Amino acid sequence: HNHEGEEKKDNVGGAAAKEAAVVVPKKPLNGYMRYVAEIREAVTAEFLGLTGKELSVKFGEMWKALDEDKKKKYIDEAKEEMTKFKEQYGDAAFKHAPKTKKKKKAVTDKKKDAIEVYEFLNKLVSMVNDPSISQFISWSVPTTNDSDEGGIEHVGKVVVLDPQGLQDNVLGKHFKHSQYSSFQRQMNYFGFKKKMHKDKGKLNPCSYVHEGLGKEPSSILTLRRRQKGDKESAPSEDAATGEESSGEKRKEPSSSSAEDETLKKRSRR
C-alpha cells in the first residue's frame, strides 16, 4: 500500500509540473524584420543571382535608405505587438532555459590508435617523397625480384641509404624523437621487414619491404599497425646479429653464482 501511495504522489507531482510548464510562442518580429518579411519575396525575385548572404546585405542597405516616416510605421507596429505579447505571457516569455553543456565523447583507444597510425604513416610518406633528403631515405619500385635487397617486383619499398644521416638530420624534424631505433620500432609495428643491402648492422644501408604496398608511396597509408593477436612477421635480418652489432653478448650465469643464491636461500630459512 505504501508503494501505491508513493506512486500517486509522483503522478500528482508530474501532472502539476506539466500544468506549470507554459508553452511560449516566438517573440514578435522587430521593426526591421517586419520590413524584410514584407519585401523579401519581391526583392528575391528581382535579384535572382544573389546568395542568401548577399540578400541580407541588400535588405540592410534598403532599410538604411528607407524614409524615416516609413521606418517608424514598422517600428511602431513591432512595439504594439511586443506590448500585447508581454501582457499575454508575462515575464515567463523572457526567461531562457539554462543551457546544458554537451559532454564531449571520450576518445576511444581505437580512435587514438587510428590518429597515431595516420600521423606516423603520413610523415613517412612525406619523407620518402622529399627529394632534398633522398640521400638518406627514398622510395623505390624494383622492376625485378631482388633477393639481395628484399625487393619484390613492382612493389614499392622504403630505402634507407644512410641511417646515421637520417637520425642526425631528418627524424628530429618530423618526430618528437630523433633516434633511428625508435623509427625502426615503428616500422616493425606496421609489419615492415628490414632487408640489409650488404653489411649487417643497425646503421648500415637497408630497405623496408611490405607485401601490402603498391607502386605509389601513398599505398603506405593503407597499412595498419599489428594487433596483439596478429602473428609476428619474420624478424629483421639484423635482429639475429643485434648482439654482435652492438658489441655485447649475453652473459650466461656462472655455476658459482647459482650456488651462492642457493646458500642465501637456505640461510634465510
# chains A, B, ... in the order shown; residues from 1 in each chain; ligands from 1

$ select_by_dssp --residues "segment 30-218 of chain A" --states "strand (DSSP E or B)" --output "JSON list (two decimals) with N, CA and C atoms, in the first residue's frame"
[["chain", "number", "residue", "atom", "x", "y", "z"],
["A", 137, "ILE", "N", 66.78, 8.86, -47.19],
["A", 137, "ILE", "CA", 65.61, 7.97, -47.29],
["A", 137, "ILE", "C", 64.86, 8.28, -48.59],
["A", 138, "SER", "N", 64.36, 7.24, -49.25],
["A", 138, "SER", "CA", 63.66, 7.44, -50.52],
["A", 138, "SER", "C", 62.71, 6.28, -50.78],
["A", 139, "TRP", "N", 62.02, 6.38, -51.92],
["A", 139, "TRP", "CA", 61.07, 5.34, -52.35],
["A", 139, "TRP", "C", 61.59, 4.69, -53.62],
["A", 140, "SER", "N", 61.49, 3.39, -53.71],
["A", 140, "SER", "CA", 61.99, 2.67, -54.88],
["A", 140, "SER", "C", 61.01, 1.57, -55.26],
["A", 146, "ASP", "N", 64.45, -8.82, -56.32],
["A", 146, "ASP", "CA", 65.85, -8.67, -55.90],
["A", 146, "ASP", "C", 66.00, -9.29, -54.53],
["A", 151, "GLY", "N", 63.81, -6.89, -52.56],
["A", 151, "GLY", "CA", 62.87, -6.23, -53.45],
["A", 151, "GLY", "C", 61.85, -7.19, -54.03],
["A", 152, "ILE", "N", 60.60, -6.73, -54.16],
["A", 152, "ILE", "CA", 59.53, -7.50, -54.78],
["A", 152, "ILE", "C", 59.13, -6.78, -56.05],
["A", 155, "VAL", "N", 56.53, -3.77, -56.53],
["A", 155, "VAL", "CA", 56.04, -3.40, -55.19],
["A", 155, "VAL", "C", 57.04, -2.43, -54.57],
["A", 157, "LYS", "N", 59.17, 0.04, -52.02],
["A", 157, "LYS", "CA", 59.83, -0.20, -50.74],
["A", 157, "LYS", "C", 60.47, 1.09, -50.26],
["A", 158, "VAL", "N", 60.69, 1.18, -48.95],
["A", 158, "VAL", "CA", 61.35, 2.33, -48.34],
["A", 158, "VAL", "C", 62.84, 2.02, -48.26],
["A", 159, "VAL", "N", 63.65, 2.85, -48.89],
["A", 159, "VAL", "CA", 65.09, 2.63, -48.91],
["A", 159, "VAL", "C", 65.78, 3.63, -47.99],
["A", 160, "VAL", "N", 66.57, 3.13, -47.04],
["A", 160, "VAL", "CA", 67.33, 3.98, -46.14],
["A", 160, "VAL", "C", 68.81, 3.78, -46.45],
["A", 193, "LYS", "N", 59.47, -5.43, -43.12],
["A", 193, "LYS", "CA", 60.61, -6.32, -42.91],
["A", 193, "LYS", "C", 61.87, -5.61, -43.38],
["A", 194, "LYS", "N", 62.87, -5.60, -42.53],
["A", 194, "LYS", "CA", 64.10, -4.91, -42.84],
["A", 194, "LYS", "C", 65.06, -5.84, -43.57],
["A", 195, "LYS", "N", 65.54, -5.39, -44.74],
["A", 195, "LYS", "CA", 66.48, -6.18, -45.53],
["A", 195, "LYS", "C", 67.78, -5.40, -45.70],
["A", 196, "MET", "N", 68.87, -5.94, -45.18],
["A", 196, "MET", "CA", 70.17, -5.27, -45.28],
["A", 196, "MET", "C", 70.68, -5.36, -46.72],
["A", 206, "CYS", "N", 69.84, -0.14, -45.81],
["A", 206, "CYS", "CA", 68.85, -1.21, -45.79],
["A", 206, "CYS", "C", 67.58, -0.78, -46.53],
["A", 207, "SER", "N", 66.68, -1.74, -46.73],
["A", 207, "SER", "CA", 65.37, -1.46, -47.31],
["A", 207, "SER", "C", 64.30, -2.03, -46.40],
["A", 208, "TYR", "N", 63.14, -1.36, -46.37],
["A", 208, "TYR", "CA", 61.99, -1.86, -45.61],
["A", 208, "TYR", "C", 60.92, -2.27, -46.61],
["A", 209, "VAL", "N", 60.61, -3.55, -46.62],
["A", 209, "VAL", "CA", 59.64, -4.07, -47.60],
["A", 209, "VAL", "C", 58.37, -4.52, -46.89]]

$ closest_residue --among "A:Lys58, A:Arg225, A:Lys70, A:Lys215" --to "Pro142 of chain A" --atoms "only C-alpha atoms"
A:Lys215

$ atom_distance --atom1 "atom CA of Arg226 of chain A" --atom2 "atom CA of Gln135 of chain A"
29.4 Å

$ residues_around --residues "segment 168-184 of chain A" --least-positions-apart "6" --cutoff "9 Å" --atoms "only C-alpha atoms" --output "list in words"
Phe120, Lys123, Leu124, Met127, Ile133, Phe136, Lys194, Lys202 and Leu203 of chain A

$ write_last_selection --atoms "N, CA and C atoms" --output "short mmCIF file (atom, residue, chain, number, x, y, z; two decimals), in the first residue's frame"
data_model
loop_
_atom_site.label_atom_id
_atom_site.label_comp_id
_atom_site.auth_asym_id
_atom_site.auth_seq_id
_atom_site.Cartn_x
_atom_site.Cartn_y
_atom_site.Cartn_z
N PHE A 120 52.09 8.78 -38.09
CA PHE A 120 53.39 8.20 -38.44
C PHE A 120 53.47 7.91 -39.94
N LYS A 123 53.77 11.00 -42.13
CA LYS A 123 55.12 11.59 -42.08
C LYS A 123 56.12 10.74 -42.86
N LEU A 124 55.92 9.43 -42.84
CA LEU A 124 56.78 8.54 -43.60
C LEU A 124 56.63 8.81 -45.10
N MET A 127 58.42 11.97 -46.02
CA MET A 127 59.88 11.83 -46.09
C MET A 127 60.32 11.17 -47.39
N ILE A 133 66.00 15.05 -49.30
CA ILE A 133 66.61 14.13 -48.32
C ILE A 133 66.74 12.72 -48.89
N PHE A 136 69.27 10.19 -47.79
CA PHE A 136 69.05 9.49 -46.52
C PHE A 136 67.94 8.44 -46.65
N LYS A 194 62.87 -5.60 -42.53
CA LYS A 194 64.10 -4.91 -42.84
C LYS A 194 65.06 -5.84 -43.57
N LYS A 202 73.00 -2.26 -37.47
CA LYS A 202 71.82 -1.40 -37.28
C LYS A 202 71.87 -0.11 -38.07
N LEU A 203 73.06 0.44 -38.32
CA LEU A 203 73.17 1.73 -39.00
C LEU A 203 73.80 1.60 -40.39
#

$ decode --residues "segment 30-43 of chain A" --atoms "all heavy atoms" --output "PDB file, in the first residue's frame"
ATOM      1  N   ASN A  30      10.956  42.373 -34.777  1.00  0.00           N
ATOM      2  CA  ASN A  30      11.218  43.804 -34.584  1.00  0.00           C
ATOM      3  C   ASN A  30      10.889  44.552 -35.872  1.00  0.00           C
ATOM      4  O   ASN A  30      10.518  43.938 -36.888  1.00  0.00           O
ATOM      5  CB  ASN A  30      12.664  44.048 -34.148  1.00  0.00           C
ATOM      6  CG  ASN A  30      13.682  43.537 -35.168  1.00  0.00           C
ATOM      7  OD1 ASN A  30      13.382  43.430 -36.361  1.00  0.00           O
ATOM      8  ND2 ASN A  30      14.868  43.219 -34.704  1.00  0.00           N
ATOM      9  N   GLY A  31      11.052  45.875 -35.846  1.00  0.00           N
ATOM     10  CA  GLY A  31      10.662  46.692 -36.994  1.00  0.00           C
ATOM     11  C   GLY A  31      11.394  46.296 -38.268  1.00  0.00           C
ATOM     12  O   GLY A  31      10.776  46.182 -39.341  1.00  0.00           O
ATOM     13  N   TYR A  32      12.683  46.098 -38.192  1.00  0.00           N
ATOM     14  CA  TYR A  32      13.486  45.752 -39.372  1.00  0.00           C
ATOM     15  C   TYR A  32      13.034  44.422 -39.971  1.00  0.00           C
ATOM     16  O   TYR A  32      12.843  44.303 -41.193  1.00  0.00           O
ATOM     17  CB  TYR A  32      14.971  45.701 -38.997  1.00  0.00           C
ATOM     18  CG  TYR A  32      15.839  45.082 -40.062  1.00  0.00           C
ATOM     19  CD1 TYR A  32      16.077  45.733 -41.272  1.00  0.00           C
ATOM     20  CD2 TYR A  32      16.424  43.829 -39.862  1.00  0.00           C
ATOM     21  CE1 TYR A  32      16.864  45.158 -42.260  1.00  0.00           C
ATOM     22  CE2 TYR A  32      17.216  43.241 -40.835  1.00  0.00           C
ATOM     23  CZ  TYR A  32      17.430  43.910 -42.040  1.00  0.00           C
ATOM     24  OH  TYR A  32      18.206  43.333 -43.011  1.00  0.00           O
ATOM     25  N   MET A  33      12.839  43.419 -39.112  1.00  0.00           N
ATOM     26  CA  MET A  33      12.456  42.099 -39.606  1.00  0.00           C
ATOM     27  C   MET A  33      11.047  42.097 -40.205  1.00  0.00           C
ATOM     28  O   MET A  33      10.756  41.349 -41.139  1.00  0.00           O
ATOM     29  CB  MET A  33      12.556  41.067 -38.478  1.00  0.00           C
ATOM     30  CG  MET A  33      13.987  40.801 -38.001  1.00  0.00           C
ATOM     31  SD  MET A  33      15.104  40.355 -39.355  1.00  0.00           S
ATOM     32  CE  MET A  33      14.378  38.825 -39.955  1.00  0.00           C
ATOM     33  N   ARG A  34      10.174  42.957 -39.699  1.00  0.00           N
ATOM     34  CA  ARG A  34       8.820  43.089 -40.266  1.00  0.00           C
ATOM     35  C   ARG A  34       8.924  43.661 -41.690  1.00  0.00           C
ATOM     36  O   ARG A  34       8.215  43.229 -42.606  1.00  0.00           O
ATOM     37  CB  ARG A  34       7.951  43.996 -39.397  1.00  0.00           C
ATOM     38  CG  ARG A  34       7.615  43.407 -38.048  1.00  0.00           C
ATOM     39  CD  ARG A  34       6.833  44.405 -37.188  1.00  0.00           C
ATOM     40  NE  ARG A  34       5.476  44.570 -37.674  1.00  0.00           N
ATOM     41  CZ  ARG A  34       4.438  43.792 -37.305  1.00  0.00           C
ATOM     42  NH1 ARG A  34       4.632  42.789 -36.454  1.00  0.00           N
ATOM     43  NH2 ARG A  34       3.237  44.004 -37.780  1.00  0.00           N
ATOM     44  N   TYR A  35       9.816  44.616 -41.847  1.00  0.00           N
ATOM     45  CA  TYR A  35      10.053  45.232 -43.164  1.00  0.00           C
ATOM     46  C   TYR A  35      10.598  44.194 -44.152  1.00  0.00           C
ATOM     47  O   TYR A  35      10.120  44.090 -45.291  1.00  0.00           O
ATOM     48  CB  TYR A  35      11.024  46.399 -43.003  1.00  0.00           C
ATOM     49  CG  TYR A  35      11.553  46.945 -44.306  1.00  0.00           C
ATOM     50  CD1 TYR A  35      10.731  47.659 -45.177  1.00  0.00           C
ATOM     51  CD2 TYR A  35      12.885  46.744 -44.668  1.00  0.00           C
ATOM     52  CE1 TYR A  35      11.224  48.163 -46.382  1.00  0.00           C
ATOM     53  CE2 TYR A  35      13.392  47.236 -45.861  1.00  0.00           C
ATOM     54  CZ  TYR A  35      12.562  47.936 -46.714  1.00  0.00           C
ATOM     55  OH  TYR A  35      13.037  48.435 -47.898  1.00  0.00           O
ATOM     56  N   VAL A  36      11.591  43.400 -43.693  1.00  0.00           N
ATOM     57  CA  VAL A  36      12.209  42.376 -44.550  1.00  0.00           C
ATOM     58  C   VAL A  36      11.179  41.315 -44.956  1.00  0.00           C
ATOM     59  O   VAL A  36      11.134  40.886 -46.113  1.00  0.00           O
ATOM     60  CB  VAL A  36      13.408  41.712 -43.837  1.00  0.00           C
ATOM     61  CG1 VAL A  36      13.901  40.494 -44.613  1.00  0.00           C
ATOM     62  CG2 VAL A  36      14.542  42.716 -43.665  1.00  0.00           C
ATOM     63  N   ALA A  37      10.357  40.899 -44.002  1.00  0.00           N
ATOM     64  CA  ALA A  37       9.334  39.891 -44.294  1.00  0.00           C
ATOM     65  C   ALA A  37       8.372  40.375 -45.377  1.00  0.00           C
ATOM     66  O   ALA A  37       7.874  39.589 -46.188  1.00  0.00           O
ATOM     67  CB  ALA A  37       8.555  39.571 -43.017  1.00  0.00           C
ATOM     68  N   GLU A  38       8.150  41.687 -45.403  1.00  0.00           N
ATOM     69  CA  GLU A  38       7.203  42.261 -46.365  1.00  0.00           C
ATOM     70  C   GLU A  38       7.802  42.357 -47.768  1.00  0.00           C
ATOM     71  O   GLU A  38       7.107  42.154 -48.768  1.00  0.00           O
ATOM     72  CB  GLU A  38       6.781  43.660 -45.885  1.00  0.00           C
ATOM     73  CG  GLU A  38       5.671  44.285 -46.709  1.00  0.00           C
ATOM     74  CD  GLU A  38       5.244  45.631 -46.131  1.00  0.00           C
ATOM     75  OE1 GLU A  38       4.700  45.641 -45.000  1.00  0.00           O
ATOM     76  OE2 GLU A  38       5.471  46.655 -46.806  1.00  0.00           O
ATOM     77  N   ILE A  39       9.104  42.653 -47.855  1.00  0.00           N
ATOM     78  CA  ILE A  39       9.716  42.882 -49.186  1.00  0.00           C
ATOM     79  C   ILE A  39      10.521  41.676 -49.698  1.00  0.00           C
ATOM     80  O   ILE A  39      10.983  41.690 -50.839  1.00  0.00           O
ATOM     81  CB  ILE A  39      10.656  44.103 -49.134  1.00  0.00           C
ATOM     82  CG1 ILE A  39      11.856  43.810 -48.208  1.00  0.00           C
ATOM     83  CG2 ILE A  39       9.914  45.357 -48.709  1.00  0.00           C
ATOM     84  CD1 ILE A  39      12.972  44.841 -48.322  1.00  0.00           C
ATOM     85  N   ARG A  40      10.716  40.645 -48.856  1.00  0.00           N
ATOM     86  CA  ARG A  40      11.607  39.530 -49.210  1.00  0.00           C
ATOM     87  C   ARG A  40      11.267  38.909 -50.571  1.00  0.00           C
ATOM     88  O   ARG A  40      12.136  38.724 -51.420  1.00  0.00           O
ATOM     89  CB  ARG A  40      11.545  38.444 -48.134  1.00  0.00           C
ATOM     90  CG  ARG A  40      12.477  37.265 -48.410  1.00  0.00           C
ATOM     91  CD  ARG A  40      12.310  36.184 -47.362  1.00  0.00           C
ATOM     92  NE  ARG A  40      12.709  36.654 -46.038  1.00  0.00           N
ATOM     93  CZ  ARG A  40      13.982  36.657 -45.612  1.00  0.00           C
ATOM     94  NH1 ARG A  40      14.954  36.254 -46.416  1.00  0.00           N
ATOM     95  NH2 ARG A  40      14.255  37.086 -44.398  1.00  0.00           N
ATOM     96  N   GLU A  41      10.001  38.573 -50.769  1.00  0.00           N
ATOM     97  CA  GLU A  41       9.595  37.870 -51.986  1.00  0.00           C
ATOM     98  C   GLU A  41       9.885  38.688 -53.242  1.00  0.00           C
ATOM     99  O   GLU A  41      10.436  38.180 -54.223  1.00  0.00           O
ATOM    100  CB  GLU A  41       8.103  37.529 -51.914  1.00  0.00           C
ATOM    101  CG  GLU A  41       7.641  36.619 -53.037  1.00  0.00           C
ATOM    102  CD  GLU A  41       6.190  36.187 -52.870  1.00  0.00           C
ATOM    103  OE1 GLU A  41       5.622  36.374 -51.760  1.00  0.00           O
ATOM    104  OE2 GLU A  41       5.622  35.677 -53.849  1.00  0.00           O
ATOM    105  N   ALA A  42       9.553  39.985 -53.198  1.00  0.00           N
ATOM    106  CA  ALA A  42       9.741  40.854 -54.364  1.00  0.00           C
ATOM    107  C   ALA A  42      11.232  41.067 -54.655  1.00  0.00           C
ATOM    108  O   ALA A  42      11.659  41.013 -55.821  1.00  0.00           O
ATOM    109  CB  ALA A  42       9.069  42.208 -54.120  1.00  0.00           C
ATOM    110  N   VAL A  43      12.032  41.275 -53.604  1.00  0.00           N
ATOM    111  CA  VAL A  43      13.476  41.526 -53.786  1.00  0.00           C
ATOM    112  C   VAL A  43      14.178  40.270 -54.290  1.00  0.00           C
ATOM    113  O   VAL A  43      15.040  40.330 -55.171  1.00  0.00           O
ATOM    114  CB  VAL A  43      14.109  42.008 -52.462  1.00  0.00           C
ATOM    115  CG1 VAL A  43      15.630  42.132 -52.616  1.00  0.00           C
ATOM    116  CG2 VAL A  43      13.516  43.341 -52.054  1.00  0.00           C
TER     117      VAL A  43
END
